Each structure stands twice: as structure tokens, then as C-alpha cells.
Amino acid sequence: APPAAALVEILACVVYSDADKTKRHDCTAKARELCRGAAGACELPIGLVLTAGRDLDGDRKTWEKVRVDFRCGQTRRVHGPHDQNDHATALLECRGF
């Protein structure tokens, strides 16, 4: 049998404004909730769900950035930064270890 896939462990998640570095939101708890128990991979929605529906800088024309640090067993990985987008997900994968 193939080895069990490593659990996706969220170490940190942050949403931040490219235009205004003071506008940051720690989305670690929300990302952990959305990926809880995910083995092998977690398809993390990277839209406004991470900021409780709030557009950080209040400007609809700009997208904030999303960066996720996660771990698969002993291997640390960084996903992003990506544009925060209600129609996108970040695929956090632990396969192939």
C-alpha cells in the first residue's frame, strides 16, 4: 500500500495590501479551519472568505495578496503570493513526498 499522505499543516496565512503595507490580515486560523484534516492536498479558497468578507483596503479595483506557509511532515512550503480572488483556490499539496 502507498504511504499515507502527509497532513497539510497551515503554519501561517496572511492577506495584505500591495499598495498599503500596513493593511494586513492574519488568516491563519481561517485557513486551518478550511484545511482541517486534509491529507495529501487542500484546495484553499483564497477569496474574501479569508478576510471574513472584508476588502482590506476598501478599493474594489485592487486585489490584495494572499500568502500561505504550510508544512507536509518535515517539509515547509510557501504558496503565493496570489491575488485574493473569490473565484480562485490555492492547491496546497503534500503529494510526492
# chains A, B, ... in the order shown; residues from 1 in each chain; ligands from 1
>>> residues_around(residues="range 26-31 of chain A", least_positions_apart="3", cutoff="7 Å", atoms="only C-alpha atoms", output="JSON, numbers by chain")
{"A": [10, 12, 13, 14, 15, 34, 35, 50, 51]}
>>> closest_residue(among="A:Ala4, A:Cys72, A:Arg95, A:Pro81", to="Ile46 in chain A", atoms="only C-alpha atoms")
A:Pro81
>>> select_by_dssp(residues="chain A", states="alpha helix (DSSP H)", output="ChimeraX atom specification")
/A:28-35
>>> residues_around(residues="Glu93 in chain A", least_positions_apart="6", cutoff="9 Å", atoms="only C-alpha atoms", output="ChimeraX atom specification")
/A:8,39-43,72
>>> residues_around(residues="Asp86 in chain A", least_positions_apart="2", cutoff="7 Å", atoms="only C-alpha atoms", output="PyMOL selection string")
chain A and resi 46-48+84+88
>>> atom_distance(atom1="CA of Asp59 in chain A", atom2="CA of Leu91 in chain A")
26.5 Å
>>> residues_around(residues="Leu11 in chain A", least_positions_apart="6", cutoff="8 Å", atoms="only C-alpha atoms", output="list in words")
Thr28, Val68, Asp69, Phe70 and Arg71 of chain A
>>> residues_around(residues="Glu64 in chain A", least_positions_apart="4", cutoff="9 Å", atoms="only C-alpha atoms", output="PDB file with C-alpha atoms, in the first residue's frame")
ATOM      1  CA  VAL A  15      -3.670  38.681   3.302  1.00  0.00           C
ATOM      2  CA  TYR A  16      -2.033  42.031   2.660  1.00  0.00           C
ATOM      3  CA  SER A  17      -2.429  45.116   0.525  1.00  0.00           C
ATOM      4  CA  ASP A  18       0.270  45.634  -2.081  1.00  0.00           C
ATOM      5  CA  ALA A  19      -0.461  49.359  -2.044  1.00  0.00           C
ATOM      6  CA  ASP A  55     -11.961  44.071   1.290  1.00  0.00           C
ATOM      7  CA  LEU A  56      -8.911  45.131   3.302  1.00  0.00           C
ATOM      8  CA  ASP A  57      -8.187  48.412   1.560  1.00  0.00           C
ATOM      9  CA  HIS A  82      -1.532  35.199  -5.178  1.00  0.00           C
ATOM     10  CA  ASP A  83      -4.185  37.801  -5.866  1.00  0.00           C
ATOM     11  CA  GLN A  84      -7.072  37.436  -3.437  1.00  0.00           C
ATOM     12  CA  ASN A  85      -9.874  36.199  -5.673  1.00  0.00           C
TER      13      ASN A  85
END
>>> decode(residues="range 21-44 of chain A", atoms="N, CA and C atoms", output="PDB file, in the first residue's frame")
ATOM      1  N   LYS A  21       1.172  48.663   2.936  1.00  0.00           N
ATOM      2  CA  LYS A  21       1.737  47.548   3.704  1.00  0.00           C
ATOM      3  C   LYS A  21       1.195  47.461   5.136  1.00  0.00           C
ATOM      4  N   THR A  22       0.558  48.532   5.623  1.00  0.00           N
ATOM      5  CA  THR A  22       0.015  48.488   6.986  1.00  0.00           C
ATOM      6  C   THR A  22      -1.286  47.682   7.020  1.00  0.00           C
ATOM      7  N   LYS A  23      -1.887  47.452   5.851  1.00  0.00           N
ATOM      8  CA  LYS A  23      -3.150  46.725   5.806  1.00  0.00           C
ATOM      9  C   LYS A  23      -2.857  45.242   5.628  1.00  0.00           C
ATOM     10  N   ARG A  24      -2.911  44.529   6.757  1.00  0.00           N
ATOM     11  CA  ARG A  24      -2.623  43.094   6.767  1.00  0.00           C
ATOM     12  C   ARG A  24      -3.695  42.386   7.574  1.00  0.00           C
ATOM     13  N   HIS A  25      -3.962  41.161   7.202  1.00  0.00           N
ATOM     14  CA  HIS A  25      -4.934  40.363   7.954  1.00  0.00           C
ATOM     15  C   HIS A  25      -4.354  38.968   8.136  1.00  0.00           C
ATOM     16  N   ASP A  26      -4.307  38.510   9.354  1.00  0.00           N
ATOM     17  CA  ASP A  26      -3.819  37.171   9.645  1.00  0.00           C
ATOM     18  C   ASP A  26      -4.966  36.194   9.395  1.00  0.00           C
ATOM     19  N   CYS A  27      -4.820  35.364   8.368  1.00  0.00           N
ATOM     20  CA  CYS A  27      -5.881  34.408   8.025  1.00  0.00           C
ATOM     21  C   CYS A  27      -5.507  32.986   8.431  1.00  0.00           C
ATOM     22  N   THR A  28      -4.528  32.853   9.321  1.00  0.00           N
ATOM     23  CA  THR A  28      -4.046  31.528   9.722  1.00  0.00           C
ATOM     24  C   THR A  28      -5.166  30.655  10.291  1.00  0.00           C
ATOM     25  N   ALA A  29      -5.939  31.197  11.226  1.00  0.00           N
ATOM     26  CA  ALA A  29      -6.994  30.414  11.873  1.00  0.00           C
ATOM     27  C   ALA A  29      -8.041  29.966  10.857  1.00  0.00           C
ATOM     28  N   LYS A  30      -8.424  30.859   9.940  1.00  0.00           N
ATOM     29  CA  LYS A  30      -9.432  30.529   8.931  1.00  0.00           C
ATOM     30  C   LYS A  30      -8.892  29.470   7.973  1.00  0.00           C
ATOM     31  N   ALA A  31      -7.639  29.611   7.554  1.00  0.00           N
ATOM     32  CA  ALA A  31      -7.037  28.632   6.643  1.00  0.00           C
ATOM     33  C   ALA A  31      -6.946  27.265   7.320  1.00  0.00           C
ATOM     34  N   ARG A  32      -6.595  27.265   8.600  1.00  0.00           N
ATOM     35  CA  ARG A  32      -6.525  25.993   9.343  1.00  0.00           C
ATOM     36  C   ARG A  32      -7.893  25.335   9.402  1.00  0.00           C
ATOM     37  N   GLU A  33      -8.914  26.148   9.623  1.00  0.00           N
ATOM     38  CA  GLU A  33     -10.287  25.633   9.692  1.00  0.00           C
ATOM     39  C   GLU A  33     -10.682  25.032   8.338  1.00  0.00           C
ATOM     40  N   LEU A  34     -10.362  25.731   7.248  1.00  0.00           N
ATOM     41  CA  LEU A  34     -10.748  25.283   5.909  1.00  0.00           C
ATOM     42  C   LEU A  34      -9.969  24.047   5.456  1.00  0.00           C
ATOM     43  N   CYS A  35      -8.765  23.857   5.991  1.00  0.00           N
ATOM     44  CA  CYS A  35      -7.928  22.720   5.581  1.00  0.00           C
ATOM     45  C   CYS A  35      -7.830  21.636   6.654  1.00  0.00           C
ATOM     46  N   ARG A  36      -8.616  21.758   7.713  1.00  0.00           N
ATOM     47  CA  ARG A  36      -8.512  20.805   8.820  1.00  0.00           C
ATOM     48  C   ARG A  36      -8.657  19.376   8.344  1.00  0.00           C
ATOM     49  N   GLY A  37      -7.675  18.538   8.702  1.00  0.00           N
ATOM     50  CA  GLY A  37      -7.744  17.117   8.390  1.00  0.00           C
ATOM     51  C   GLY A  37      -7.459  16.768   6.939  1.00  0.00           C
ATOM     52  N   ALA A  38      -7.060  17.753   6.139  1.00  0.00           N
ATOM     53  CA  ALA A  38      -6.784  17.488   4.721  1.00  0.00           C
ATOM     54  C   ALA A  38      -5.487  16.701   4.587  1.00  0.00           C
ATOM     55  N   ALA A  39      -5.589  15.522   4.015  1.00  0.00           N
ATOM     56  CA  ALA A  39      -4.399  14.702   3.804  1.00  0.00           C
ATOM     57  C   ALA A  39      -4.042  14.740   2.327  1.00  0.00           C
ATOM     58  N   GLY A  40      -2.771  14.993   2.040  1.00  0.00           N
ATOM     59  CA  GLY A  40      -2.316  14.993   0.659  1.00  0.00           C
ATOM     60  C   GLY A  40      -2.451  16.330  -0.024  1.00  0.00           C
ATOM     61  N   ALA A  41      -3.610  16.956   0.113  1.00  0.00           N
ATOM     62  CA  ALA A  41      -3.817  18.249  -0.542  1.00  0.00           C
ATOM     63  C   ALA A  41      -4.998  18.966   0.086  1.00  0.00           C
ATOM     64  N   CYS A  42      -4.948  20.280   0.046  1.00  0.00           N
ATOM     65  CA  CYS A  42      -6.083  21.098   0.476  1.00  0.00           C
ATOM     66  C   CYS A  42      -6.299  22.155  -0.579  1.00  0.00           C
ATOM     67  N   GLU A  43      -7.513  22.242  -1.071  1.00  0.00           N
ATOM     68  CA  GLU A  43      -7.853  23.283  -2.023  1.00  0.00           C
ATOM     69  C   GLU A  43      -8.410  24.459  -1.224  1.00  0.00           C
ATOM     70  N   LEU A  44      -7.546  25.401  -0.938  1.00  0.00           N
ATOM     71  CA  LEU A  44      -7.905  26.517  -0.059  1.00  0.00           C
ATOM     72  C   LEU A  44      -8.503  27.665  -0.864  1.00  0.00           C
TER      73      LEU A  44
END
